[in-house]
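Next up, final29.txt (compact mmCIF, C-alpha atoms):
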```txt
# COMPACT_ATOMS: atom_id res chain seq x y z
CA PHE Z 1 -35.17 -18.19 34.26
CA GLY Z 2 -32.67 -20.92 35.22
CA SER Z 3 -31.46 -21.47 31.66
CA SER Z 4 -30.89 -17.74 31.09
CA CYS Z 5 -28.77 -17.58 34.27
CA LEU Z 6 -26.75 -20.53 33.04
CA LEU Z 7 -26.33 -18.85 29.65
CA LEU Z 8 -25.20 -15.61 31.29
CA ALA Z 9 -22.71 -17.50 33.46
CA LEU Z 10 -21.32 -19.31 30.41
CA LEU Z 11 -21.07 -16.06 28.46
CA ALA Z 12 -19.26 -14.40 31.36
CA GLN Z 13 -16.75 -17.25 31.51
CA LEU Z 14 -16.15 -17.13 27.75
CA THR Z 15 -15.43 -13.40 27.87
CA ASN Z 16 -12.85 -14.07 30.57
CA MET Z 17 -10.93 -16.52 28.38
CA TRP Z 18 -7.63 -15.75 26.69
CA THR Z 19 -6.38 -17.66 23.63
CA SER Z 20 -2.67 -18.18 23.01
CA LYS Z 21 -1.03 -17.95 19.57
CA LEU Z 22 -0.94 -21.75 19.71
CA GLY Z 23 -4.71 -21.98 20.12
CA ASN Z 24 -4.94 -22.99 23.77
CA GLN Z 25 -7.40 -21.21 26.03
CA TYR Z 26 -6.76 -20.01 29.57
CA LEU Z 27 -8.62 -17.92 32.08
CA LYS Z 28 -7.42 -14.41 31.39
CA THR Z 29 -6.96 -13.73 35.10
CA GLU Z 30 -4.55 -16.69 35.36
CA VAL Z 31 -2.51 -15.51 32.37
CA GLU Z 32 -2.38 -12.00 33.81
CA ALA Z 33 -1.28 -13.38 37.20
CA GLN Z 34 1.58 -15.29 35.51
CA HIS Z 35 2.66 -12.35 33.31
CA GLN Z 36 5.70 -11.26 35.33
CA ALA Z 37 6.92 -14.83 35.87
CA ASN Z 38 6.50 -15.61 32.16
CA MET Z 39 8.41 -12.46 31.16
CA LEU Z 40 11.24 -13.42 33.54
CA VAL Z 41 11.55 -16.86 31.93
CA LEU Z 42 11.52 -15.29 28.44
CA ARG Z 43 14.21 -12.76 29.46
CA LYS Z 44 16.39 -15.65 30.67
CA LEU Z 45 15.83 -17.53 27.42
CA ARG Z 46 16.75 -14.42 25.38
CA GLN Z 47 20.05 -14.19 27.27
CA ARG Z 48 21.25 -17.62 26.16
CA PRO Z 49 24.08 -17.32 23.59
CA ASP Z 50 22.11 -19.03 20.80
CA ASN Z 51 19.16 -16.70 21.34
CA ARG Z 52 21.18 -13.44 21.38
CA ARG Z 53 21.15 -13.44 17.59
CA CYS Z 54 18.30 -13.58 15.11
CA ALA Z 55 17.45 -17.18 14.19
CA ASP Z 56 17.04 -16.16 10.55
CA CYS Z 57 19.56 -13.46 9.55
CA GLY Z 58 22.01 -13.85 12.44
CA THR Z 59 22.03 -10.18 13.36
CA THR Z 60 23.13 -9.32 16.89
CA GLY Z 61 22.45 -6.35 19.11
CA ALA Z 62 19.55 -4.86 21.02
CA GLU Z 63 16.87 -5.78 18.47
CA ALA Z 64 18.29 -9.19 17.46
CA ASN Z 65 15.78 -11.13 19.54
CA ALA Z 66 12.94 -8.67 20.14
CA TRP Z 67 10.36 -10.96 18.53
CA ALA Z 68 9.44 -14.63 18.71
CA ILE Z 69 8.09 -17.13 16.23
CA VAL Z 70 6.16 -18.98 18.89
CA ASN Z 71 5.18 -22.12 17.01
CA PHE Z 72 8.82 -22.78 16.07
CA GLY Z 73 10.48 -21.48 19.25
CA ALA Z 74 12.67 -19.01 17.33
CA PHE Z 75 13.91 -15.62 18.49
CA VAL Z 76 14.15 -13.15 15.59
CA CYS Z 77 14.91 -9.51 14.82
CA THR Z 78 12.31 -6.92 13.88
CA ALA Z 79 13.06 -7.13 10.13
CA CYS Z 80 12.70 -10.93 10.06
CA ALA Z 81 9.55 -10.78 12.22
CA SER Z 82 8.09 -8.51 9.54
CA ALA Z 83 8.86 -11.13 6.89
CA HIS Z 84 7.24 -13.85 9.02
CA ARG Z 85 4.03 -11.81 9.20
CA VAL Z 86 3.65 -12.23 5.43
CA ARG Z 87 3.14 -15.96 6.09
CA ALA Z 88 0.82 -15.66 9.09
CA ASP Z 89 -0.56 -19.09 8.20
CA VAL Z 90 2.88 -20.55 8.96
CA SER Z 91 4.43 -18.28 11.60
CA LYS Z 92 2.91 -17.12 14.88
CA VAL Z 93 4.79 -13.87 15.57
CA LYS Z 94 4.77 -12.31 19.04
CA GLY Z 95 6.65 -9.44 20.65
CA LEU Z 96 8.92 -9.93 23.66
CA SER Z 97 8.80 -6.39 25.09
CA GLY Z 98 6.28 -7.29 27.80
CA THR Z 99 3.36 -5.61 26.07
CA TYR Z 100 1.75 -8.94 25.17
CA LEU Z 101 0.56 -11.60 27.57
CA TRP Z 102 2.22 -14.99 27.15
CA GLY Z 103 0.54 -18.31 27.88
CA ALA Z 104 2.29 -21.23 29.52
CA ASP Z 105 2.21 -23.16 26.23
CA GLU Z 106 3.92 -20.29 24.39
CA VAL Z 107 6.68 -19.95 27.01
CA SER Z 108 7.24 -23.70 26.90
CA ALA Z 109 7.46 -23.63 23.09
CA MET Z 110 10.30 -21.08 23.29
CA SER Z 111 12.46 -23.24 25.57
CA GLY Z 112 14.35 -25.00 22.76
CA GLY Z 113 15.37 -21.67 21.28
CA ASN Z 114 17.41 -20.91 18.21
CA GLU Z 115 19.78 -23.83 18.75
CA HIS Z 116 16.88 -26.27 18.42
CA VAL Z 117 15.55 -24.42 15.36
CA ASP Z 118 19.00 -24.52 13.72
CA ARG Z 119 19.46 -28.23 14.45
CA SER Z 120 16.01 -29.00 13.10
CA LEU Z 121 15.67 -26.71 10.10
CA MET Z 122 19.15 -25.60 9.03
CA GLN Z 123 21.23 -28.76 9.29
CA ASN Z 124 21.64 -29.15 5.52
CA CYS Z 125 21.83 -25.46 4.62
CA ALA Z 126 24.88 -24.37 2.61
CA SER Z 127 26.48 -21.07 3.56
CA ALA Z 128 25.39 -19.52 0.27
CA SER Z 129 21.72 -20.18 1.12
CA ARG Z 130 21.84 -18.49 4.52
CA LEU Z 131 20.17 -15.13 4.96
CA ALA Z 132 22.44 -12.08 5.27
CA CYS Z 133 21.89 -9.45 7.98
CA GLY Z 134 21.36 -6.76 5.34
CA ALA Z 135 18.87 -8.76 3.27
CA SER Z 136 15.89 -7.00 1.73
CA HIS Z 137 12.35 -7.59 2.96
CA GLN Z 138 11.61 -9.71 -0.13
CA GLU Z 139 14.73 -11.85 0.42
CA ARG Z 140 13.63 -12.41 4.01
CA VAL Z 141 10.12 -13.45 2.90
CA VAL Z 142 11.56 -15.98 0.44
CA PHE Z 143 13.92 -17.30 3.13
CA VAL Z 144 11.05 -17.71 5.62
CA GLU Z 145 9.10 -19.66 3.00
CA ARG Z 146 12.05 -21.98 2.32
CA LYS Z 147 13.14 -22.46 5.93
CA TYR Z 148 9.85 -22.76 7.79
CA CYS Z 149 7.22 -23.91 5.32
CA GLN Z 150 9.14 -25.94 2.76
CA GLN Z 151 11.78 -26.94 5.34
CA LEU Z 152 14.33 -27.28 2.52
CA TRP Z 153 17.35 -27.68 4.79
CA LYS Z 154 15.81 -29.90 7.45
CA GLY Z 155 18.07 -32.57 8.86
CA ASP Z 156 17.24 -36.17 9.66
CA GLN Z 157 15.58 -35.14 12.91
CA THR Z 158 11.86 -35.29 13.44
CA GLU Z 159 9.92 -32.41 11.92
CA LEU Z 160 9.81 -29.43 14.25
CA ARG Z 161 6.32 -29.78 15.70
CA SER Z 162 6.52 -29.68 19.46
CA PRO Z 163 8.65 -27.95 22.05
CA VAL Z 164 11.60 -29.75 23.58
CA GLN Z 165 12.08 -30.05 27.30
CA PRO Z 166 12.65 -26.61 28.84
CA ALA Z 167 16.28 -25.50 29.01
CA VAL Z 168 15.39 -22.83 31.58
CA SER Z 169 13.57 -23.56 34.80
CA VAL Z 170 9.89 -22.83 34.36
CA GLU Z 171 8.65 -23.65 37.87
CA ALA Z 172 6.87 -20.30 37.95
CA VAL Z 173 5.01 -21.19 34.78
CA SER Z 174 2.26 -23.77 34.72
CA ILE Z 175 2.75 -25.81 31.56
CA ALA Z 176 0.25 -28.51 32.41
CA ALA Z 177 -2.33 -27.15 29.97
CA ALA Z 178 0.07 -26.92 27.05
CA LYS Z 179 -0.70 -29.00 23.99
CA PRO Z 180 1.86 -29.97 21.32
CA VAL Z 181 2.74 -27.18 18.95
CA ALA Z 182 1.45 -27.83 15.45
CA VAL Z 183 2.96 -26.27 12.38
CA GLY Z 184 0.63 -25.89 9.43
CA CYS Z 185 1.95 -25.24 5.96
CA THR Z 186 -0.47 -25.00 3.14
CA THR Z 187 0.01 -27.07 0.03
CA ASP Z 188 -0.96 -24.13 -2.16
CA ASP Z 189 1.78 -22.68 -4.35
CA TRP Z 190 2.28 -19.41 -2.51
CA PHE Z 191 4.44 -17.97 -5.30
CA GLU Z 192 1.92 -18.82 -8.03
CA GLY Z 193 1.07 -15.70 -9.97
CA TRP Z 194 4.24 -13.80 -9.05
```
Rendering of file as structure tokens:
Amino acid sequence: FGSSCLLLALLAQLTNMWTSKLGNQYLKTEVEAQHQANMLVLRKLRQRPDNRRCADCGTTGAEANAWAIVNFGAFVCTACASAHRVRADVSKVKGLSGTYLWGADEVSAMSGGNEHVDRSLMQNCASASRLACGASHQERVVFVERKYCQQLWKGDQTELRSPVQPAVSVEAVSIAAAKPVAVGCTTDDWFEGW
């Protein structure tokens, strides 16, 4: 009888857990309680000049930063978010409309923003290699592969693996449970067979 009660208690706790896009687990009630505070921090981050444009194609406007690539800390447009979804093994895409819950680790990962992504992954990118606002879906997919997985234009800085110190105050967000952000690119030739 005692072991079945323990099992039921453990099962109840597991069903109350919430897993972030970065793989960390939180009590769902805690994440729900922090939802409004997390969305406020994300709104402030989206208002920074570097984050008002898409980190990939540079588009500006209402939809320029409607999505996030959480494991890189990039704010992107809807069209580029769609291209990132093709490489779900590389990019952890998440909406910023308030529909989705955000964990403390995810909010912390976004603090470096597009400026950090540009410094880390686009330092050696020639103008001709940059993605145009009007690029096709296929061009965006190829760009995502080159920029985020192959990191073709990466500068001398350390590989983009963990969030930088927050640029926006995150007192309302508990980041104590956050682990370093890991970026996993496969070694398989993704274009093989095309």
Which residues are close to His35 (chain Z), i.e. within 8 Å by only C-alpha atoms, leaving aside same-chain residues fewer than 4 positions away? Reply as a list of chain:residue names. Z:Val31, Z:Met39, Z:Leu101, Z:Trp102
Could you name the residues that touch Lys92 (chain Z) at 12 Å or less, counting all atoms listed in the file, but leaving out those on the same chain fewer than 5 positions away, as a list in words?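 Answer for this query is Ser20, Lys21, Leu22, Gly23, Trp67, Ala68, Ile69, Val70, Asn71, Phe72, Gly73, Ala74, Phe75, Val76, Ala81, Ser82, Ala83, His84, Arg85, Val86, Arg87, Glu106, Ala109, Met110, Tyr148, Val181, Ala182, Val183 and Gly184 of chain Z.
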Within 9 Å of region 47-60 of chain Z using all atoms listed in the file, minus same-chain residues under 5 positions, as a PyMOL selection string: chain Z and resi 42+65-66+74-77+80+113-115+117-118+130-135+140+143-144+147
Between Z:Asp89, Z:Glu63, Z:Glu145, Z:Asp105, which is the closest to Tyr26 (chain Z) once you count only C-alpha atoms? Z:Asp105
From Z:Ser97, Z:Ser111, Z:Ser91, Z:Thr78, residue lying nearest His137 (chain Z) [only C-alpha atoms]: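 Ranked by minimum distance to His137 (chain Z), first place goes to Z:Thr78.
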